[in-house]
Amino acid sequence: MDLLVVLSFEALKAVASLALISVGLAIIFGMMRVINLAHGEFLMLGGYAAIVATKAGVNIWVATLLVSPLVVGLFGVVIERTIIRFLYGRPRDTMLATWGLSLFLVGLATTVFGNTTEGISAPAGSLQIGDYRIAAYSLIIIVIAIAVFAAIWAVFRFTRYGLIARSTMQNADMAAALGVNPSRVYAVTFGVGAGLAGLAGGVMAPITGIVPTIGAAYVAKAFITVIGGGPAILAGTVSASVLFGAIDQIITYLSTPVIGEVALLAAAVVLLRFMPQGITGRFFRRAA
Amino acid sequence: MTSPDCILETRGLEKRFGGVVAIASVDFRLKQRELRCLIGPNGAGKSTFFKMLTAQLKPTTGQILFDGVDITRAQPHQVSRLGIGIKNQVPDVFNNLTVAENISVAARSRHGKARAAAKGKDVMERLGLTALTGRLVGELAHGQRQWVELAMVVALEPKLILLDEPAAGMTADETNKTAELIREVNKSAAIVVVEHDMQFIKQIAQTVTVFHQGRVLIEDTMDKVQGNELVREVYLGKSEDD
Amino acid sequence: MTANWQGNGGLVAATVLGLVLLLALPQIVDPVMMIELTSYVIMAILALSLGLIWGYGGILCFGQSAFFGIGAYAYAIAVINFGDSTIPLLLSIVVPGLFAALLGYFLFYARITDVYFGVITLTVTLILYKVMGATSGSQYVIGAAPLGGYNGIPAVPPLNLPGRPDVALSFDGLFYLSGLTLLAVYVGLRLMLKSRFGQVVVAIRENERRAELLGYDARFYKLATFAIGGAIAGLAGCLFANWGMFISPDVFGLAQSAQVIIWVIVGGTGTLLGPIVGCFAIQWIATKLGAQQLLNANLVLGTILIGFVLLVPKGVVPTVSDALRRLKFRPYVAPLVEQRRVP
């Protein structure tokens with residue numbers, strides 16, 4: 001019984017982590033139909049922002065939950081204004097440019113921070129469940145993921161930006177015809193997506209530690225989740241995270257984390273064979 | 001099944017986009033080597049109908065039979081191989097290839113190297129494209145690109161040719177030439193033409209089918225259709241398309 | 001840029017030039033530089049494979065290094081087991097070709113968008129990196145070949161005369177073999193692109209729906225192009241394993257995948273010369289960067305990639321040849337339609 005609780009908890013944590021590291025990518029993809037190949041490096045920047053702020057004496061919660069998303073979000077807006085906006089309507093070129101950005105950021109981080117792992121310790125102890133101990137920080141990740149998704153849902157549902165965002169997702173031309181300035185929507189969207197990546201990077205930093213190349217460790221899973229989920233941001237990310245998180249966790253439990261990741265990729269490839277638009281492209285076309 | 005002289009038949013063909021019905025229960029029959037004109041106001045479903053016949057769109061319900069074969073769930077290339085050629089509404093060509101390359105790609109789909117070359121040369125001569133062979137299609141005028149697409153379709157030697165607005169954007173001279181070409185090709189293939197240009201329709205029409213709001217309104221000779229009250233109402237009441 | 005003026009005369013000239021360079025370079029270049037040059041030549045074969053898939057097939061493959069790496073590993077594992085290199089060489093071509101065909105079957109027949117295609121192929125190579133990295137330990141052995149995890153497989157035996165494992169390829173021999181392979185792949189691809197198959201591949205890139213309405217199954221042609229490109233990349237991987245006599249998961253890494261993309265975009269998509277030129281230029285820059293400590297190589301490569309996407313999206317070779325064309329035909333009015341380019 002205790003084992004079952006622990007395993008379910010671990011599965012829930014896997015799903016929450018997957019959703020958290022993917023949601024920034026999903027927002028940019030859902031709104032702009034572009035995969036940001038520098039997503040992993042945005043996570044990396046979020047991690048470094050948290051570490052630098054903590055070392056400078058900032059409270060760790062403020063550092064991970066506030067400094068990381070703000071720093072990376074602002075950086076995202078700058079990137080959108082200086083690079084991305086010249087490439088609207090050219091999704092292939094946007095991907096290539098963000099790949100260039102990804103390399104650039106790895107190089108920059110290596111130059112500034114060096115090629116060593118930096119870390120901060122997790123600001124929480126452990127919980128006792130029967131004979132098992134679990135890291136309390138895992139619980140915090142689950143709570144943060146739920147809070148983030150609830151907040152995004154509320155923004156989409158109740159704010160003017162949410163309305164504009166949903167209409168842009170449905171039909172960018174129509175939204176433009178209604179007087180929405182798509183270029184501003186895109187700038188804000190890219191910033192929000194980057195900020196959420198930064199948040200995820202900050203939150204994950206105490207668990208994984210940070211090196212300049214850590215982005216590569218995250219992105220494969222995040223790409224699969226977003227593509228498997230399809231264009232609907234919330235429904236897509238959540239459903240794909242549940243599906244892939246569960247597959248990953250089960251296979252990992254039975255074999256190794258690497259085989260878990262292979263299973264995840266294989267599942268995504270097979271899924272796309274039958275649902276080329278991802279889960280939500282097939283089932284919830286109108287969902288946000 | 002289909003009667004032997006029938007090359008194309010649709011049964012209860014229907015296409016819905018979400019809640020919108022683009023084509024509603026169309027039963028359409030076309031005889032071997034028939035020349036049919038399809039008219040109707042914008043949004044009547046003519047292009048949607050063509051796209052379903054060539055597997056560019058999957059029907060919601062209904063059945064399409066071509067030459068005795070059910071092609072309702074076929075792939076576009078299979079439909080082409082069975083013998084349906086289509087000229088789409090907007091020039092649908094290979095812009096960054098030359099005129100000769102465009103036509104060669106079409107001709108070699110059905111013929112070996114030597115026959116394809118002969119066929120391509122013949123088609124280009126017939127359509128007066130010989131002087132343009134080395135030009136990139138993307139650099140040509142709209143009317144010329146229409147000719148290139150037409151040439152590609154003819155080079156396929158299909159049993160059924162679907163022409164979506166073949167005379168759009170053409171001069172009076174070019175229009176006459178197109179009508180002449182259609183009559184000539186019609187000697188060996190059935191043809192369905194969608195057009196808004198009534199002068200052009202009169203030049204070639206035998207039987208005319210009128211589409212309205214996704215349904216067949218009337219199907220008769222050009223004279224009868226022109227005299228029909230319902231048709232006048234549909235056209236004059238709703239749009240200025242003729 | 002599949003310009004017609006590059007007729008058979010051009011092809012013969014290119015072949016002769018290639019042979020002359022192949023014979024002359026070892027005479028005029030110092031031995032240390034020859035080692036570098038040999039790796040450039042091998043990488044140029046890899047660049048050509050992506051030049052075919054991306055530039056002519058219009059297929060956005062971000063994981064070309066996956067096939068390169070699979071070819072290298074297939075060769076290394078097989079040659080350690082077999083001793084003689086003939087079958088391992090064939091395997092280094094066939095295995096990645098089949099892998100590309102399998103992957104392509106799922107992706108092309110699902111008709112997924114090219115954004116998805118790019119991401120999936122990139123993910124494949126990233127995961128191969130992790131998979132091969134996780135093979136350290138004595139249980140990960142294929143026949144006599146330990147996989148070695150991130151440390152890779154050391155002491156990969158060189159190619160030998162078919163059936164004569166005792167007559168191994170010398171280092172000079174590897175340069176000549178790689179050069180001839182590059183030339184053969186180049187000429188072979190040029191001829192293939194002139195054939196009906198090549199014409200159809202380009203037509204599908206230009207307008208997939210039109211090609212299908214003319215009776216061509218675009219899914220099949222893309223699959224075939226992808227498999228051919230995968231096989232060529234695998235052959236390059238085999239030569240690379242010979243060059244270093246060593247192979248590690250780094251061949252699957254993000255840096256390697258990015259490099260191939262950069263070679264092709266810098267040189268120019270839609271040409272075969274472009275990827276070769278881009279490969280030599282960028283590799284030379286990378287070698288120079290490796291020799292200094294001031295600027296990080298990733299920093300420079302990332303800047304180059306962003307710069308080319310924004311400023312020279314057609315790449316060097318098409319841009320230069322367009323400029324030449326404009327000089328040559330002065331009255332020529334620039335086409336109103338978009339240029340020949342596959343972004």
# chains A, B, ... in the order shown; residues from 1 in each chain; ligands from 1
>>> select_by_dssp(residues="segment 19-239 of chain B", states="strand (DSSP E or B)", output="ChimeraX atom specification")
/B:20-31,35-39,61-66,69-70,84-87,98,136,160-164,190-194,207-212,215-221
>>> write_last_selection(atoms="C-alpha atoms", output="PDB file, in the first residue's frame")
ATOM      1  CA  VAL B  20     -21.115  24.173 -42.536  1.00  0.00           C
ATOM      2  CA  VAL B  21     -22.433  21.967 -45.322  1.00  0.00           C
ATOM      3  CA  ALA B  22     -20.372  22.656 -48.439  1.00  0.00           C
ATOM      4  CA  ILE B  23     -21.765  19.810 -50.544  1.00  0.00           C
ATOM      5  CA  ALA B  24     -25.052  18.161 -49.659  1.00  0.00           C
ATOM      6  CA  SER B  25     -26.020  14.812 -51.074  1.00  0.00           C
ATOM      7  CA  VAL B  26     -24.888  15.269 -54.671  1.00  0.00           C
ATOM      8  CA  ASP B  27     -25.759  12.544 -57.175  1.00  0.00           C
ATOM      9  CA  PHE B  28     -23.788  13.310 -60.298  1.00  0.00           C
ATOM     10  CA  ARG B  29     -23.364  11.220 -63.431  1.00  0.00           C
ATOM     11  CA  LEU B  30     -21.067  11.820 -66.362  1.00  0.00           C
ATOM     12  CA  LYS B  31     -20.935   9.801 -69.572  1.00  0.00           C
ATOM     13  CA  LEU B  35     -18.374  17.675 -71.967  1.00  0.00           C
ATOM     14  CA  ARG B  36     -20.162  19.142 -68.977  1.00  0.00           C
ATOM     15  CA  CYS B  37     -20.182  22.664 -67.615  1.00  0.00           C
ATOM     16  CA  LEU B  38     -20.636  23.336 -63.930  1.00  0.00           C
ATOM     17  CA  ILE B  39     -21.904  26.767 -62.955  1.00  0.00           C
ATOM     18  CA  THR B  61     -20.329  10.653 -46.542  1.00  0.00           C
ATOM     19  CA  GLY B  62     -21.222   9.276 -49.940  1.00  0.00           C
ATOM     20  CA  GLN B  63     -19.433   7.434 -52.678  1.00  0.00           C
ATOM     21  CA  ILE B  64     -17.422   8.302 -55.785  1.00  0.00           C
ATOM     22  CA  LEU B  65     -17.157   5.794 -58.641  1.00  0.00           C
ATOM     23  CA  PHE B  66     -14.734   6.391 -61.483  1.00  0.00           C
ATOM     24  CA  VAL B  69     -13.760   1.782 -59.389  1.00  0.00           C
ATOM     25  CA  ASP B  70     -14.699   3.153 -55.962  1.00  0.00           C
ATOM     26  CA  ILE B  84      -8.385  11.900 -63.613  1.00  0.00           C
ATOM     27  CA  GLY B  85      -6.498  15.108 -64.313  1.00  0.00           C
ATOM     28  CA  ILE B  86      -7.339  18.443 -62.708  1.00  0.00           C
ATOM     29  CA  LYS B  87      -6.454  22.073 -63.267  1.00  0.00           C
ATOM     30  CA  THR B  98      11.147  25.622 -66.278  1.00  0.00           C
ATOM     31  CA  LEU B 136      10.938  29.523 -65.104  1.00  0.00           C
ATOM     32  CA  LEU B 160     -11.485  12.606 -67.270  1.00  0.00           C
ATOM     33  CA  ILE B 161     -10.307  16.204 -67.083  1.00  0.00           C
ATOM     34  CA  LEU B 162     -11.565  18.620 -64.452  1.00  0.00           C
ATOM     35  CA  LEU B 163     -10.980  22.287 -65.267  1.00  0.00           C
ATOM     36  CA  ASP B 164     -11.587  24.827 -62.512  1.00  0.00           C
ATOM     37  CA  ALA B 190     -14.584  13.421 -70.703  1.00  0.00           C
ATOM     38  CA  ILE B 191     -14.342  16.975 -69.403  1.00  0.00           C
ATOM     39  CA  VAL B 192     -16.016  18.913 -66.608  1.00  0.00           C
ATOM     40  CA  VAL B 193     -15.518  22.685 -66.696  1.00  0.00           C
ATOM     41  CA  VAL B 194     -16.274  25.108 -63.881  1.00  0.00           C
ATOM     42  CA  THR B 207     -25.105  19.986 -70.837  1.00  0.00           C
ATOM     43  CA  VAL B 208     -24.927  22.403 -67.912  1.00  0.00           C
ATOM     44  CA  THR B 209     -25.236  21.513 -64.231  1.00  0.00           C
ATOM     45  CA  VAL B 210     -26.073  24.344 -61.845  1.00  0.00           C
ATOM     46  CA  PHE B 211     -24.831  24.104 -58.265  1.00  0.00           C
ATOM     47  CA  HIS B 212     -26.445  26.153 -55.545  1.00  0.00           C
ATOM     48  CA  ARG B 215     -26.842  20.977 -54.167  1.00  0.00           C
ATOM     49  CA  VAL B 216     -27.595  20.358 -57.821  1.00  0.00           C
ATOM     50  CA  LEU B 217     -30.240  22.942 -58.687  1.00  0.00           C
ATOM     51  CA  ILE B 218     -30.871  21.935 -62.273  1.00  0.00           C
ATOM     52  CA  GLU B 219     -29.172  19.964 -65.039  1.00  0.00           C
ATOM     53  CA  ASP B 220     -30.135  20.654 -68.653  1.00  0.00           C
ATOM     54  CA  THR B 221     -29.051  22.190 -71.973  1.00  0.00           C
TER      55      THR B 221
END
>>> select_by_dssp(residues="segment 18-204 of chain B", states="alpha helix (DSSP H)", output="PyMOL selection string")
chain B and resi 46-53+76-82+99-107+113-126+142-155+172-185+198-204
>>> residues_around(residues="Ile127 of chain C", least_positions_apart="2", cutoff="9 Å", atoms="only C-alpha atoms", output="VMD selection string")
(chain A and resid 220 258 261 to 262 265) or (chain C and resid 122 to 125 129 to 132 252)
>>> write_last_selection(atoms="N, CA and C atoms", output="CSV table (one decimal), in the first residue's frame")
chain,number,residue,atom,x,y,z
A,220,ALA,N,14.6,17.1,-25.3
A,220,ALA,CA,14.0,16.0,-26.0
A,220,ALA,C,12.6,15.7,-25.4
A,258,VAL,N,17.0,5.8,-19.3
A,258,VAL,CA,17.3,6.0,-20.7
A,258,VAL,C,16.3,5.2,-21.6
A,261,GLU,N,13.2,7.0,-21.8
A,261,GLU,CA,13.1,8.1,-22.7
A,261,GLU,C,13.0,7.5,-24.2
A,262,VAL,N,13.6,6.4,-24.4
A,262,VAL,CA,13.4,5.8,-25.7
A,262,VAL,C,12.0,5.4,-26.0
A,265,LEU,N,9.9,8.4,-26.9
A,265,LEU,CA,10.1,8.8,-28.3
A,265,LEU,C,9.3,7.8,-29.2
C,122,LEU,N,15.5,15.6,-34.7
C,122,LEU,CA,16.4,16.1,-33.7
C,122,LEU,C,16.3,15.3,-32.4
C,123,THR,N,15.1,15.0,-32.0
C,123,THR,CA,14.9,14.2,-30.7
C,123,THR,C,15.5,12.8,-30.9
C,124,VAL,N,15.4,12.3,-32.1
C,124,VAL,CA,16.0,10.9,-32.3
C,124,VAL,C,17.5,10.9,-32.0
C,125,THR,N,18.1,11.9,-32.6
C,125,THR,CA,19.6,11.9,-32.4
C,125,THR,C,20.0,12.2,-30.9
C,129,TYR,N,22.1,9.7,-28.5
C,129,TYR,CA,23.2,10.2,-27.7
C,129,TYR,C,23.1,9.6,-26.2
C,130,LYS,N,22.0,9.7,-25.6
C,130,LYS,CA,21.8,9.2,-24.3
C,130,LYS,C,21.9,7.7,-24.2
C,131,VAL,N,21.3,7.1,-25.2
C,131,VAL,CA,21.3,5.6,-25.2
C,131,VAL,C,22.7,5.1,-25.3
C,132,MET,N,23.4,5.6,-26.3
C,132,MET,CA,24.8,5.1,-26.4
C,132,MET,C,25.6,5.5,-25.2
C,252,PHE,N,26.4,11.8,-32.0
C,252,PHE,CA,25.0,12.0,-32.0
C,252,PHE,C,24.6,13.3,-31.3
>>> closest_atom_pairs(of="segment 185-249 of chain C", to="segment 111-129 of chain B", cutoff="12 Å", atoms="only C-alpha atoms", output="JSON lines")
{"residue": "C:Ser195", "atom": "CA", "partner": "B:Lys113", "partner_atom": "CA", "distance": 10.0}
{"residue": "C:Arg196", "atom": "CA", "partner": "B:Lys113", "partner_atom": "CA", "distance": 8.5}
{"residue": "C:Phe197", "atom": "CA", "partner": "B:Lys113", "partner_atom": "CA", "distance": 11.9}
{"residue": "C:Gly215", "atom": "CA", "partner": "B:His111", "partner_atom": "CA", "distance": 11.6}
>>> interface_residues(of="chain A", to="chain C", cutoff="8 Å", atoms="only C-alpha atoms", output="PyMOL selection string")
chain A and resi 34-35+83+86-87+91-93+96-108+110-111+216+220+223-224+227+258-259+261-262+265+269-270+272-277
>>> write_last_selection(atoms="N, CA and C atoms", output="tab-separated table (two decimals), in the first residue's frame")
chain	number	residue	atom	x	y	z
A	34	VAL	N	5.54	27.70	-33.86
A	34	VAL	CA	6.98	27.60	-34.01
A	34	VAL	C	7.54	26.87	-32.81
A	35	ILE	N	8.45	25.95	-33.07
A	35	ILE	CA	9.14	25.30	-31.97
A	35	ILE	C	10.39	26.12	-31.67
A	83	ILE	N	15.26	39.33	-33.09
A	83	ILE	CA	15.47	38.23	-34.05
A	83	ILE	C	14.15	37.70	-34.61
A	86	PHE	N	11.57	39.28	-37.29
A	86	PHE	CA	11.93	39.40	-38.72
A	86	PHE	C	11.58	38.12	-39.48
A	87	LEU	N	11.16	37.12	-38.77
A	87	LEU	CA	10.99	35.81	-39.40
A	87	LEU	C	9.55	35.30	-39.36
A	91	PRO	N	8.27	29.65	-40.51
A	91	PRO	CA	8.51	28.80	-39.34
A	91	PRO	C	9.82	28.02	-39.41
A	92	ARG	N	10.21	27.62	-40.61
A	92	ARG	CA	11.49	26.89	-40.72
A	92	ARG	C	12.65	27.78	-40.30
A	93	ASP	N	12.66	29.00	-40.82
A	93	ASP	CA	13.76	29.90	-40.49
A	93	ASP	C	13.75	30.28	-39.02
A	96	LEU	N	15.45	27.58	-37.22
A	96	LEU	CA	16.91	27.63	-37.42
A	96	LEU	C	17.53	28.75	-36.60
A	97	ALA	N	16.87	29.91	-36.58
A	97	ALA	CA	17.42	31.04	-35.82
A	97	ALA	C	17.43	30.71	-34.33
A	98	THR	N	16.37	30.06	-33.84
A	98	THR	CA	16.38	29.73	-32.41
A	98	THR	C	17.42	28.65	-32.11
A	99	TRP	N	17.71	27.83	-33.09
A	99	TRP	CA	18.79	26.86	-32.89
A	99	TRP	C	20.14	27.60	-32.77
A	100	GLY	N	20.31	28.60	-33.64
A	100	GLY	CA	21.51	29.43	-33.54
A	100	GLY	C	21.59	30.07	-32.17
A	101	LEU	N	20.46	30.57	-31.69
A	101	LEU	CA	20.40	31.19	-30.37
A	101	LEU	C	20.79	30.18	-29.30
A	102	SER	N	20.30	28.96	-29.47
A	102	SER	CA	20.62	27.90	-28.51
A	102	SER	C	22.14	27.70	-28.40
A	103	LEU	N	22.81	27.59	-29.55
A	103	LEU	CA	24.27	27.43	-29.54
A	103	LEU	C	24.94	28.64	-28.90
A	104	PHE	N	24.45	29.82	-29.29
A	104	PHE	CA	25.02	31.06	-28.78
A	104	PHE	C	24.95	31.09	-27.26
A	105	LEU	N	23.80	30.72	-26.71
A	105	LEU	CA	23.61	30.79	-25.26
A	105	LEU	C	24.47	29.75	-24.54
A	106	VAL	N	24.61	28.57	-25.14
A	106	VAL	CA	25.50	27.57	-24.54
A	106	VAL	C	26.92	28.13	-24.49
A	107	GLY	N	27.34	28.74	-25.61
A	107	GLY	CA	28.67	29.32	-25.67
A	107	GLY	C	28.84	30.44	-24.65
A	108	LEU	N	27.81	31.29	-24.56
A	108	LEU	CA	27.87	32.43	-23.64
A	108	LEU	C	27.96	31.94	-22.19
A	110	THR	N	29.01	29.08	-21.12
A	110	THR	CA	30.31	28.46	-20.89
A	110	THR	C	31.36	29.52	-20.62
A	111	THR	N	31.31	30.60	-21.42
A	111	THR	CA	32.29	31.67	-21.26
A	111	THR	C	32.15	32.33	-19.89
A	216	ALA	N	20.08	20.46	-23.34
A	216	ALA	CA	19.92	19.25	-24.16
A	216	ALA	C	19.25	18.13	-23.38
A	220	ALA	N	14.58	17.14	-25.30
A	220	ALA	CA	14.00	16.00	-26.01
A	220	ALA	C	12.62	15.70	-25.44
A	223	PHE	N	10.10	18.58	-26.28
A	223	PHE	CA	9.67	18.54	-27.69
A	223	PHE	C	8.60	17.47	-27.88
A	224	ILE	N	8.89	16.28	-27.35
A	224	ILE	CA	7.96	15.17	-27.54
A	224	ILE	C	6.61	15.50	-26.93
A	227	ILE	N	4.81	18.22	-29.15
A	227	ILE	CA	4.37	17.70	-30.43
A	227	ILE	C	3.28	16.65	-30.25
A	258	VAL	N	17.03	5.84	-19.28
A	258	VAL	CA	17.32	6.03	-20.70
A	258	VAL	C	16.33	5.24	-21.56
A	259	ILE	N	16.07	4.00	-21.17
A	259	ILE	CA	15.09	3.20	-21.91
A	259	ILE	C	13.71	3.86	-21.79
A	261	GLU	N	13.15	6.98	-21.76
A	261	GLU	CA	13.11	8.06	-22.73
A	261	GLU	C	12.96	7.53	-24.16
A	262	VAL	N	13.61	6.39	-24.43
A	262	VAL	CA	13.44	5.76	-25.75
A	262	VAL	C	11.97	5.37	-25.95
A	265	LEU	N	9.94	8.38	-26.85
A	265	LEU	CA	10.09	8.78	-28.26
A	265	LEU	C	9.33	7.82	-29.17
A	269	VAL	N	6.33	8.75	-31.79
A	269	VAL	CA	6.38	8.51	-33.24
A	269	VAL	C	5.17	7.70	-33.69
A	270	VAL	N	4.84	6.67	-32.91
A	270	VAL	CA	3.69	5.85	-33.27
A	270	VAL	C	2.39	6.67	-33.15
A	272	LEU	N	2.05	9.84	-33.56
A	272	LEU	CA	1.93	10.79	-34.66
A	272	LEU	C	1.52	10.11	-35.96
A	273	ARG	N	1.86	8.82	-36.08
A	273	ARG	CA	1.46	8.09	-37.28
A	273	ARG	C	-0.06	8.10	-37.42
A	274	PHE	N	-0.74	8.02	-36.28
A	274	PHE	CA	-2.20	7.93	-36.33
A	274	PHE	C	-2.87	9.27	-36.02
A	275	MET	N	-2.16	10.14	-35.32
A	275	MET	CA	-2.70	11.48	-35.06
A	275	MET	C	-1.63	12.51	-35.43
A	276	PRO	N	-1.51	12.81	-36.73
A	276	PRO	CA	-0.42	13.69	-37.16
A	276	PRO	C	-0.49	15.09	-36.54
A	277	GLN	N	-1.63	15.49	-36.03
A	277	GLN	CA	-1.75	16.80	-35.42
A	277	GLN	C	-1.59	16.73	-33.90
>>> residues_around(residues="segment 269-274 of chain C", least_positions_apart="4", cutoff="6 Å", atoms="only C-alpha atoms", output="compact mmCIF listing (two decimals) with C-alpha atoms, in the first residue's frame")
# COMPACT_ATOMS: atom_id res chain seq x y z
CA GLY C 55 17.95 21.18 -50.32
CA TYR C 56 16.35 18.95 -52.96
CA GLY C 278 29.95 25.52 -46.37
CA VAL C 317 26.70 29.69 -53.33
>>> atom_distance(atom1="atom CA of Ile60 of chain A", atom2="atom CA of Val77 of chain A")
24.7 Å
>>> interface_residues(of="chain B", to="chain C", cutoff="8 Å", atoms="only C-alpha atoms", output="PyMOL selection string")
chain B and resi 54+76-81+85-86+92-97+101+105-106+108-109+138-139+153+156
>>> residues_around(residues="Gly193 of chain A", least_positions_apart="2", cutoff="7 Å", atoms="only C-alpha atoms", output="PyMOL selection string")
chain A and resi 24-25+27-28+189-191+195-197
>>> atom_distance(atom1="atom CA of Gln75 of chain B", atom2="atom CA of Gln56 of chain B")
8.1 Å
>>> atom_distance(atom1="atom CA of Lys221 of chain A", atom2="atom CA of Arg85 of chain A")
26.8 Å
>>> residues_around(residues="Gly198 of chain A", least_positions_apart="6", cutoff="10 Å", atoms="only C-alpha atoms", output="short mmCIF file (atom, residue, chain, number, x, y, z; two decimals) with N, CA and C atoms, in the first residue's frame")
data_model
loop_
_atom_site.label_atom_id
_atom_site.label_comp_id
_atom_site.auth_asym_id
_atom_site.auth_seq_id
_atom_site.Cartn_x
_atom_site.Cartn_y
_atom_site.Cartn_z
N ILE A 21 8.26 21.71 -17.57
CA ILE A 21 9.34 22.05 -18.49
C ILE A 21 8.81 22.22 -19.92
N GLY A 24 6.18 26.31 -21.42
CA GLY A 24 6.66 27.52 -22.11
C GLY A 24 6.80 27.28 -23.60
N HIS A 39 14.63 26.54 -26.33
CA HIS A 39 13.85 26.34 -25.10
C HIS A 39 14.70 25.77 -23.97
N GLY A 40 15.51 24.79 -24.29
CA GLY A 40 16.37 24.17 -23.27
C GLY A 40 17.32 25.20 -22.66
N GLU A 41 17.80 26.12 -23.49
CA GLU A 41 18.73 27.13 -22.98
C GLU A 41 17.99 28.18 -22.16
N PHE A 42 16.71 28.40 -22.47
CA PHE A 42 15.92 29.29 -21.60
C PHE A 42 15.79 28.67 -20.20
N LEU A 43 15.60 27.36 -20.17
CA LEU A 43 15.56 26.67 -18.88
C LEU A 43 16.90 26.83 -18.17
N MET A 44 17.98 26.66 -18.94
CA MET A 44 19.32 26.79 -18.39
C MET A 44 19.52 28.19 -17.81
N LEU A 45 19.10 29.22 -18.55
CA LEU A 45 19.23 30.59 -18.05
C LEU A 45 18.43 30.77 -16.76
N GLY A 46 17.23 30.18 -16.73
CA GLY A 46 16.42 30.26 -15.52
C GLY A 46 17.16 29.66 -14.32
N GLY A 47 17.82 28.55 -14.57
CA GLY A 47 18.59 27.90 -13.51
C GLY A 47 19.72 28.79 -13.02
N TYR A 48 20.47 29.37 -13.97
CA TYR A 48 21.58 30.23 -13.57
C TYR A 48 21.07 31.48 -12.84
N ALA A 49 19.93 32.02 -13.32
CA ALA A 49 19.37 33.20 -12.67
C ALA A 49 19.07 32.89 -11.20
N ALA A 50 18.47 31.72 -10.96
CA ALA A 50 18.15 31.34 -9.59
C ALA A 50 19.41 31.18 -8.75
N THR A 64 13.78 31.47 -7.27
CA THR A 64 13.28 30.52 -8.26
C THR A 64 11.92 30.93 -8.81
N LEU A 65 11.05 31.46 -7.98
CA LEU A 65 9.69 31.73 -8.42
C LEU A 65 9.50 33.12 -9.02
N LEU A 66 10.44 34.03 -8.76
CA LEU A 66 10.25 35.40 -9.24
C LEU A 66 11.40 35.85 -10.15
N VAL A 67 12.63 35.71 -9.65
CA VAL A 67 13.77 36.22 -10.42
C VAL A 67 13.93 35.43 -11.73
N SER A 68 13.90 34.09 -11.64
CA SER A 68 14.09 33.28 -12.85
C SER A 68 13.09 33.62 -13.95
N PRO A 69 11.77 33.58 -13.67
CA PRO A 69 10.83 33.88 -14.76
C PRO A 69 10.95 35.31 -15.28
N LEU A 70 11.21 36.26 -14.38
CA LEU A 70 11.29 37.65 -14.83
C LEU A 70 12.49 37.88 -15.73
N VAL A 71 13.65 37.38 -15.29
CA VAL A 71 14.88 37.58 -16.07
C VAL A 71 14.73 36.94 -17.46
N VAL A 72 14.30 35.68 -17.47
CA VAL A 72 14.23 34.98 -18.75
C VAL A 72 13.08 35.53 -19.61
N GLY A 73 11.99 35.92 -18.96
CA GLY A 73 10.87 36.52 -19.70
C GLY A 73 11.29 37.80 -20.42
N PHE A 75 14.32 38.62 -21.20
CA PHE A 75 15.25 38.20 -22.23
C PHE A 75 14.48 37.72 -23.47
N GLY A 76 13.41 36.99 -23.23
CA GLY A 76 12.58 36.50 -24.34
C GLY A 76 12.02 37.64 -25.17
N VAL A 192 6.17 35.52 -22.41
CA VAL A 192 5.50 34.65 -21.43
C VAL A 192 6.05 33.23 -21.52
N MET A 204 13.62 23.57 -11.27
CA MET A 204 14.32 22.29 -11.41
C MET A 204 15.77 22.37 -10.94
#
